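Peer 1: Provided below: upload_17.cif, containing mmCIF, C-alpha atoms and all ligand atoms.
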```
data_my_file
#
loop_
_atom_site.group_PDB
_atom_site.id
_atom_site.type_symbol
_atom_site.label_atom_id
_atom_site.label_comp_id
_atom_site.auth_asym_id
_atom_site.auth_seq_id
_atom_site.Cartn_x
_atom_site.Cartn_y
_atom_site.Cartn_z
ATOM 1 C CA MET M 1 279.243 -71.054 76.776
ATOM 2 C CA LEU M 2 279.650 -73.562 73.959
ATOM 3 C CA SER M 3 277.247 -73.523 71.038
ATOM 4 C CA LYS M 4 275.570 -76.833 70.172
ATOM 5 C CA THR M 5 277.544 -77.003 66.922
ATOM 6 C CA ILE M 6 280.879 -76.669 68.705
ATOM 7 C CA GLU M 7 279.862 -79.028 71.491
ATOM 8 C CA THR M 8 278.917 -81.699 68.948
ATOM 9 C CA ALA M 9 282.154 -81.190 67.003
ATOM 10 C CA LEU M 10 284.275 -81.404 70.174
ATOM 11 C CA ASN M 11 282.405 -84.516 71.292
ATOM 12 C CA LYS M 12 283.208 -86.131 67.965
ATOM 13 C CA GLN M 13 286.895 -85.415 68.618
ATOM 14 C CA ILE M 14 286.611 -86.879 72.131
ATOM 15 C CA ARG M 15 285.491 -90.094 70.502
ATOM 16 C CA ILE M 16 288.334 -89.997 67.958
ATOM 17 C CA GLU M 17 290.946 -89.549 70.711
ATOM 18 C CA ALA M 18 289.390 -92.424 72.687
ATOM 19 C CA GLU M 19 289.468 -94.603 69.575
ATOM 20 C CA SER M 20 293.094 -93.588 68.961
ATOM 21 C CA SER M 21 293.942 -94.776 72.451
ATOM 22 C CA GLN M 22 292.290 -98.140 71.670
ATOM 23 C CA VAL M 23 294.034 -98.417 68.286
ATOM 24 C CA TYR M 24 297.438 -97.934 69.939
ATOM 25 C CA LEU M 25 296.564 -100.218 72.818
ATOM 26 C CA ALA M 26 295.842 -102.986 70.294
ATOM 27 C CA MET M 27 299.217 -102.280 68.642
ATOM 28 C CA ALA M 28 300.954 -102.454 72.041
ATOM 29 C CA VAL M 29 299.361 -105.816 72.748
ATOM 30 C CA TRP M 30 300.241 -107.186 69.305
ATOM 31 C CA ALA M 31 303.889 -106.122 69.695
ATOM 32 C CA GLU M 32 304.050 -107.530 73.218
ATOM 33 C CA VAL M 33 302.765 -110.925 72.096
ATOM 34 C CA LYS M 34 305.353 -110.878 69.276
ATOM 35 C CA GLY M 35 308.119 -110.301 71.837
ATOM 36 C CA LEU M 36 308.865 -106.767 70.651
ATOM 37 C CA GLU M 37 309.110 -105.308 74.122
ATOM 38 C CA GLY M 38 310.483 -101.875 73.219
ATOM 39 C CA ILE M 39 307.888 -101.300 70.499
ATOM 40 C CA SER M 40 305.183 -102.548 72.840
ATOM 41 C CA ASN M 41 306.178 -100.140 75.644
ATOM 42 C CA PHE M 42 306.329 -97.330 73.130
ATOM 43 C CA MET M 43 302.772 -98.096 71.970
ATOM 44 C CA TYR M 44 301.446 -98.382 75.527
ATOM 45 C CA ASP M 45 302.821 -94.855 76.074
ATOM 46 C CA GLN M 46 301.171 -93.646 72.861
ATOM 47 C CA SER M 47 297.882 -95.116 74.030
ATOM 48 C CA ASP M 48 298.180 -93.254 77.353
ATOM 49 C CA GLU M 49 298.945 -90.023 75.495
ATOM 50 C CA GLU M 50 295.782 -90.364 73.416
ATOM 51 C CA ARG M 51 293.774 -90.841 76.581
ATOM 52 C CA GLU M 52 295.310 -87.582 77.875
ATOM 53 C CA HIS M 53 294.232 -85.853 74.646
ATOM 54 C CA MET M 54 290.720 -87.160 75.218
ATOM 55 C CA LEU M 55 290.645 -86.021 78.870
ATOM 56 C CA LYS M 56 291.871 -82.533 77.961
ATOM 57 C CA LEU M 57 288.927 -82.196 75.554
ATOM 58 C CA ILE M 58 286.460 -83.581 78.103
ATOM 59 C CA LYS M 59 287.557 -81.005 80.708
ATOM 60 C CA PHE M 60 287.339 -78.183 78.186
ATOM 61 C CA VAL M 61 283.802 -79.109 77.098
ATOM 62 C CA ASN M 62 282.566 -79.427 80.684
ATOM 63 C CA GLU M 63 284.290 -76.238 81.889
ATOM 64 C CA ARG M 64 282.611 -74.236 79.143
ATOM 65 C CA GLY M 65 279.124 -75.303 80.078
ATOM 66 C CA GLY M 66 278.874 -78.268 77.712
ATOM 67 C CA HIS M 67 278.477 -81.940 78.492
ATOM 68 C CA ALA M 68 281.255 -84.250 77.316
ATOM 69 C CA HIS M 69 279.800 -87.322 75.677
ATOM 70 C CA ILE M 70 281.307 -90.726 76.421
ATOM 71 C CA SER M 71 280.319 -92.944 73.526
ATOM 72 C CA GLU M 72 280.782 -96.494 72.314
ATOM 73 C CA LEU M 73 283.992 -97.006 70.333
ATOM 74 C CA LYS M 74 284.844 -98.688 67.066
ATOM 75 C CA ALA M 75 286.829 -101.899 67.625
ATOM 76 C CA PRO M 76 290.436 -101.462 66.487
ATOM 77 C CA ASN M 77 292.406 -103.658 64.114
ATOM 78 C CA VAL M 78 294.242 -106.178 66.327
ATOM 79 C CA THR M 79 296.654 -107.987 63.998
ATOM 80 C CA PHE M 80 299.311 -106.784 61.587
ATOM 81 C CA LYS M 81 301.376 -108.439 58.865
ATOM 82 C CA SER M 82 304.562 -106.882 60.187
ATOM 83 C CA PHE M 83 305.748 -104.181 62.534
ATOM 84 C CA LYS M 84 306.408 -102.042 59.451
ATOM 85 C CA GLU M 85 302.743 -102.347 58.464
ATOM 86 C CA MET M 86 301.796 -101.460 62.028
ATOM 87 C CA PHE M 87 303.774 -98.209 61.913
ATOM 88 C CA LYS M 88 302.369 -97.377 58.476
ATOM 89 C CA LYS M 89 298.908 -97.686 60.031
ATOM 90 C CA LEU M 90 300.047 -95.456 62.881
ATOM 91 C CA LEU M 91 301.100 -92.719 60.442
ATOM 92 C CA GLU M 92 297.844 -93.074 58.478
ATOM 93 C CA HIS M 93 295.908 -92.808 61.715
ATOM 94 C CA GLU M 94 297.763 -89.653 62.795
ATOM 95 C CA ILE M 95 297.090 -88.055 59.392
ATOM 96 C CA TYR M 96 293.398 -88.873 59.809
ATOM 97 C CA VAL M 97 293.412 -87.262 63.284
ATOM 98 C CA SER M 98 295.210 -84.163 61.923
ATOM 99 C CA GLU M 99 292.504 -83.774 59.284
ATOM 100 C CA SER M 100 289.851 -84.034 61.955
ATOM 101 C CA ILE M 101 291.601 -81.375 64.082
ATOM 102 C CA ASN M 102 291.903 -79.096 61.048
ATOM 103 C CA GLU M 103 288.185 -79.456 60.398
ATOM 104 C CA LEU M 104 287.501 -78.615 64.033
ATOM 105 C CA VAL M 105 289.658 -75.473 63.780
ATOM 106 C CA HIS M 106 287.697 -74.510 60.678
ATOM 107 C CA ILE M 107 284.346 -74.985 62.442
ATOM 108 C CA SER M 108 285.506 -72.927 65.446
ATOM 109 C CA LEU M 109 286.432 -70.000 63.178
ATOM 110 C CA GLU M 110 283.211 -70.284 61.179
ATOM 111 C CA ASN M 111 281.277 -70.040 64.446
ATOM 112 C CA LYS M 112 283.493 -67.226 65.784
ATOM 113 C CA ASP M 113 284.371 -69.337 68.844
ATOM 114 C CA TYR M 114 287.821 -67.900 69.504
ATOM 115 C CA ALA M 115 288.228 -69.598 72.884
ATOM 116 C CA THR M 116 287.837 -72.999 71.247
ATOM 117 C CA HIS M 117 290.045 -71.891 68.378
ATOM 118 C CA ASN M 118 292.744 -70.920 70.875
ATOM 119 C CA PHE M 119 292.338 -74.184 72.818
ATOM 120 C CA LEU M 120 292.731 -76.203 69.616
ATOM 121 C CA GLN M 121 296.133 -74.714 68.781
ATOM 122 C CA TRP M 122 297.706 -77.145 71.241
ATOM 123 C CA TYR M 123 296.258 -80.025 69.196
ATOM 124 C CA VAL M 124 297.509 -78.494 65.952
ATOM 125 C CA SER M 125 301.093 -78.464 67.318
ATOM 126 C CA GLU M 126 300.709 -81.917 68.805
ATOM 127 C CA GLN M 127 299.635 -83.362 65.452
ATOM 128 C CA ILE M 128 302.664 -81.849 63.688
ATOM 129 C CA GLU M 129 304.870 -83.540 66.270
ATOM 130 C CA GLU M 130 303.097 -86.901 66.121
ATOM 131 C CA GLU M 131 303.125 -87.075 62.336
ATOM 132 C CA ALA M 132 306.828 -86.151 62.313
ATOM 133 C CA MET M 133 307.560 -88.871 64.849
ATOM 134 C CA ALA M 134 305.692 -91.503 62.816
ATOM 135 C CA ARG M 135 307.610 -90.482 59.679
ATOM 136 C CA THR M 136 310.951 -90.657 61.526
ATOM 137 C CA ILE M 137 310.084 -94.159 62.689
ATOM 138 C CA LEU M 138 309.135 -95.284 59.174
ATOM 139 C CA ASP M 139 312.394 -93.863 57.781
ATOM 140 C CA LYS M 140 314.316 -95.931 60.319
ATOM 141 C CA ILE M 141 312.299 -99.056 59.513
ATOM 142 C CA ASN M 142 313.038 -98.596 55.797
ATOM 143 C CA MET M 143 316.748 -98.368 56.601
ATOM 144 C CA ILE M 144 316.593 -101.622 58.572
ATOM 145 C CA GLY M 145 314.829 -103.555 55.801
ATOM 146 C CA ASP M 146 314.863 -107.283 56.628
ATOM 147 C CA ASP M 147 317.904 -107.099 58.895
ATOM 148 C CA LYS M 148 317.103 -108.992 62.123
ATOM 149 C CA GLY M 149 319.966 -107.310 63.977
ATOM 150 C CA GLY M 150 318.546 -103.966 62.901
ATOM 151 C CA LEU M 151 315.144 -104.895 64.285
ATOM 152 C CA TYR M 152 316.755 -105.879 67.581
ATOM 153 C CA LEU M 153 318.425 -102.462 67.857
ATOM 154 C CA PHE M 154 315.293 -100.667 66.706
ATOM 155 C CA ASP M 155 313.204 -102.419 69.366
ATOM 156 C CA ARG M 156 315.817 -101.470 71.954
ATOM 157 C CA ASP M 157 316.128 -97.821 70.871
ATOM 158 C CA ILE M 158 312.570 -96.846 69.897
ATOM 159 C CA GLN M 159 311.903 -95.183 73.246
ATOM 160 C CA GLN M 160 314.680 -92.691 72.450
ATOM 161 C CA ILE M 161 313.252 -91.866 69.014
ATOM 162 C CA SER M 162 310.184 -90.330 70.631
ATOM 163 C CA VAL M 163 312.270 -88.381 73.149
ATOM 164 C CA VAL M 164 314.526 -86.932 70.438
ATOM 165 C CA SER M 165 311.529 -86.164 68.236
ATOM 166 C CA SER M 166 309.592 -84.264 70.900
ATOM 167 C CA ALA M 167 312.715 -82.446 72.113
ATOM 168 C CA ALA M 168 313.353 -81.255 68.559
ATOM 169 C CA ASN M 169 309.893 -79.685 68.508
ATOM 170 C CA ASP M 170 310.051 -78.161 71.971
ATOM 171 C CA PRO M 171 311.561 -74.651 71.867
ATOM 172 C CA SER M 172 312.285 -74.767 75.616
ATOM 173 C CA ALA M 173 314.321 -77.993 75.316
HETATM 174 FE FE FE U 201 295.631 -87.451 69.881
HETATM 175 FE FE FE U 202 298.143 -88.997 68.203
#
```
Go ahead and render the structure in this file as structure tokens.
Peer 2:
Amino acid sequence: MLSKTIETALNKQIRIEAESSQVYLAMAVWAEVKGLEGISNFMYDQSDEEREHMLKLIKFVNERGGHAHISELKAPNVTFKSFKEMFKKLLEHEIYVSESINELVHISLENKDYATHNFLQWYVSEQIEEEAMARTILDKINMIGDDKGGLYLFDRDIQQISVVSSAANDPSA
């Protein structure tokens, strides 16, 4: 059975994951309108992943006798100066989510909720991977600079960046 403190903290994270999904959906739309098809598809996938993170939390809360709260969401930023700025925002957002997960881990230990602590370890690993992926992308963007040909190749190859990044972090791969 979840304590009220833990239930409230997990519900806050449910909202953050839902907002993350919206943030990345807005990025996907922006990139699509700009004709950056590869980047757009990549961001649609990221948005779906965040929804999965949210659902996993919802199931956990409900299974442990809590009640997952579906709340209103903050409207995301919908325009960006450049795709580089967009990916900077993505990294900033992932760092913010990591901090929130860390806080949640802290609260679970403080409250001696070891089941929740154990459940959260998946999110801890996931955040390491997502931050690493965002940094890899920004490194590539910095290499490209203002080169239009580079952007063309980047847009074409971005789907592979994520695959390589997650494979590098998966011990079974
Ligand atoms: Fe997430
Ligand atoms: Fe994420």
Peer 1: Of the residues M:Val33, M:Val105, M:Leu25, M:Ile16, which is the one nearest to ligand FE 201 (chain U), using all atoms listed in the file?
Peer 2: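 Result for the nearest residue to ligand FE 201 (chain U): M:Ile16.
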Peer 1: Ligand FE 202 (chain U): which residues are within 12 Å, counting only C-alpha atoms and all ligand atoms, as a ChimeraX atom specification?
Peer 2: /M:13,16-24,43,45-54,89-101,123-134
Peer 1: Which residues, written as a PyMOL selection string, have at least one atom at most 12 Å from Ile6 in chain M, with only C-alpha atoms counted and residues fewer than 4 positions away on the same chain left out?
Peer 2: chain M and resi 1-2+10-13+57+60-61+64-68+103-117+120
Peer 1: Write out as a ChimeraX atom specification each polymer residue whose atoms come within 12 Å of range 140-147 of chain M, counting only C-alpha atoms; drop sequence neighbours fewer than 2 positions from it.
Peer 2: /M:82-88,133-138,149-155,157-158,161
Peer 1: Of the candidates M:Leu36, M:Thr8, M:Phe42, M:Arg15, which shows the shortest atom-to-atom distance to ligand FE 201 (chain U), using all atoms listed in the file?
Peer 2: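 Using all atoms listed in the file, the shortest distance to ligand FE 201 (chain U) belongs to M:Arg15.
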Peer 1: M:Thr5, M:Leu55, M:Leu73, M:Ala26: which is nearest ligand FE 201 (chain U), counting all atoms listed in the file?
Peer 2: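 Comparing M:Thr5, M:Leu55, M:Leu73, M:Ala26 against ligand FE 201 (chain U), the winner is M:Leu55.
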Peer 1: Would you compute an axis-aligned box for range 124-137 of chain M, covering every atom listed for it in the file with 8 Å of margin on each side, and report centre and edge lengths in Å to one decimal as lines of an AutoDock Vina configuration file?
Peer 2:
```
center_x = 304.2
center_y = -86.3
center_z = 64.2
size_x = 29.4
size_y = 31.7
size_z = 25.1
```
Peer 1: Using all atoms listed in the file, can you tell me which of M:Ala9, M:Ile14, M:Ile39, M:Ala28 comes closest to ligand FE 201 (chain U)?
Peer 2: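 Going through M:Ala9, M:Ile14, M:Ile39, M:Ala28 one by one, the smallest distance to ligand FE 201 (chain U) is for M:Ile14.
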Peer 1: Which residue is closest to ligand FE 201 (chain U)? Choose from M:Val29, M:Asn118, M:Lys56, M:Lys4 and count only C-alpha atoms and all ligand atoms.
Peer 2: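 Among the listed residues, M:Lys56 lies closest to ligand FE 201 (chain U).
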Peer 1: Counting all atoms listed in the file, which of M:Trp30, M:Phe80, M:Trp122, M:Tyr44 gets nearest to ligand FE 201 (chain U)?
Peer 2: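 Among the listed residues, the smallest separation from ligand FE 201 (chain U) belongs to M:Trp122.
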Peer 1: If I take CA of Gln121 in chain M and CA of His69 in chain M, how far is one from the other in Å, to one decimal?
Peer 2: 21.8 Å
Peer 1: What is the CA of Gly35 in chain M to CA of Lys148 in chain M distance in Å?
Peer 2: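 Value for the CA of Gly35 in chain M-CA of Lys148 in chain M distance: 13.3 Å.
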Peer 1: One number please: CA of Glu32 in chain M to CA of Pro76 in chain M, in Å, one decimal.
Peer 2: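 Taking CA of Glu32 in chain M as the start and CA of Pro76 in chain M as the end point, the length is 16.4 Å.
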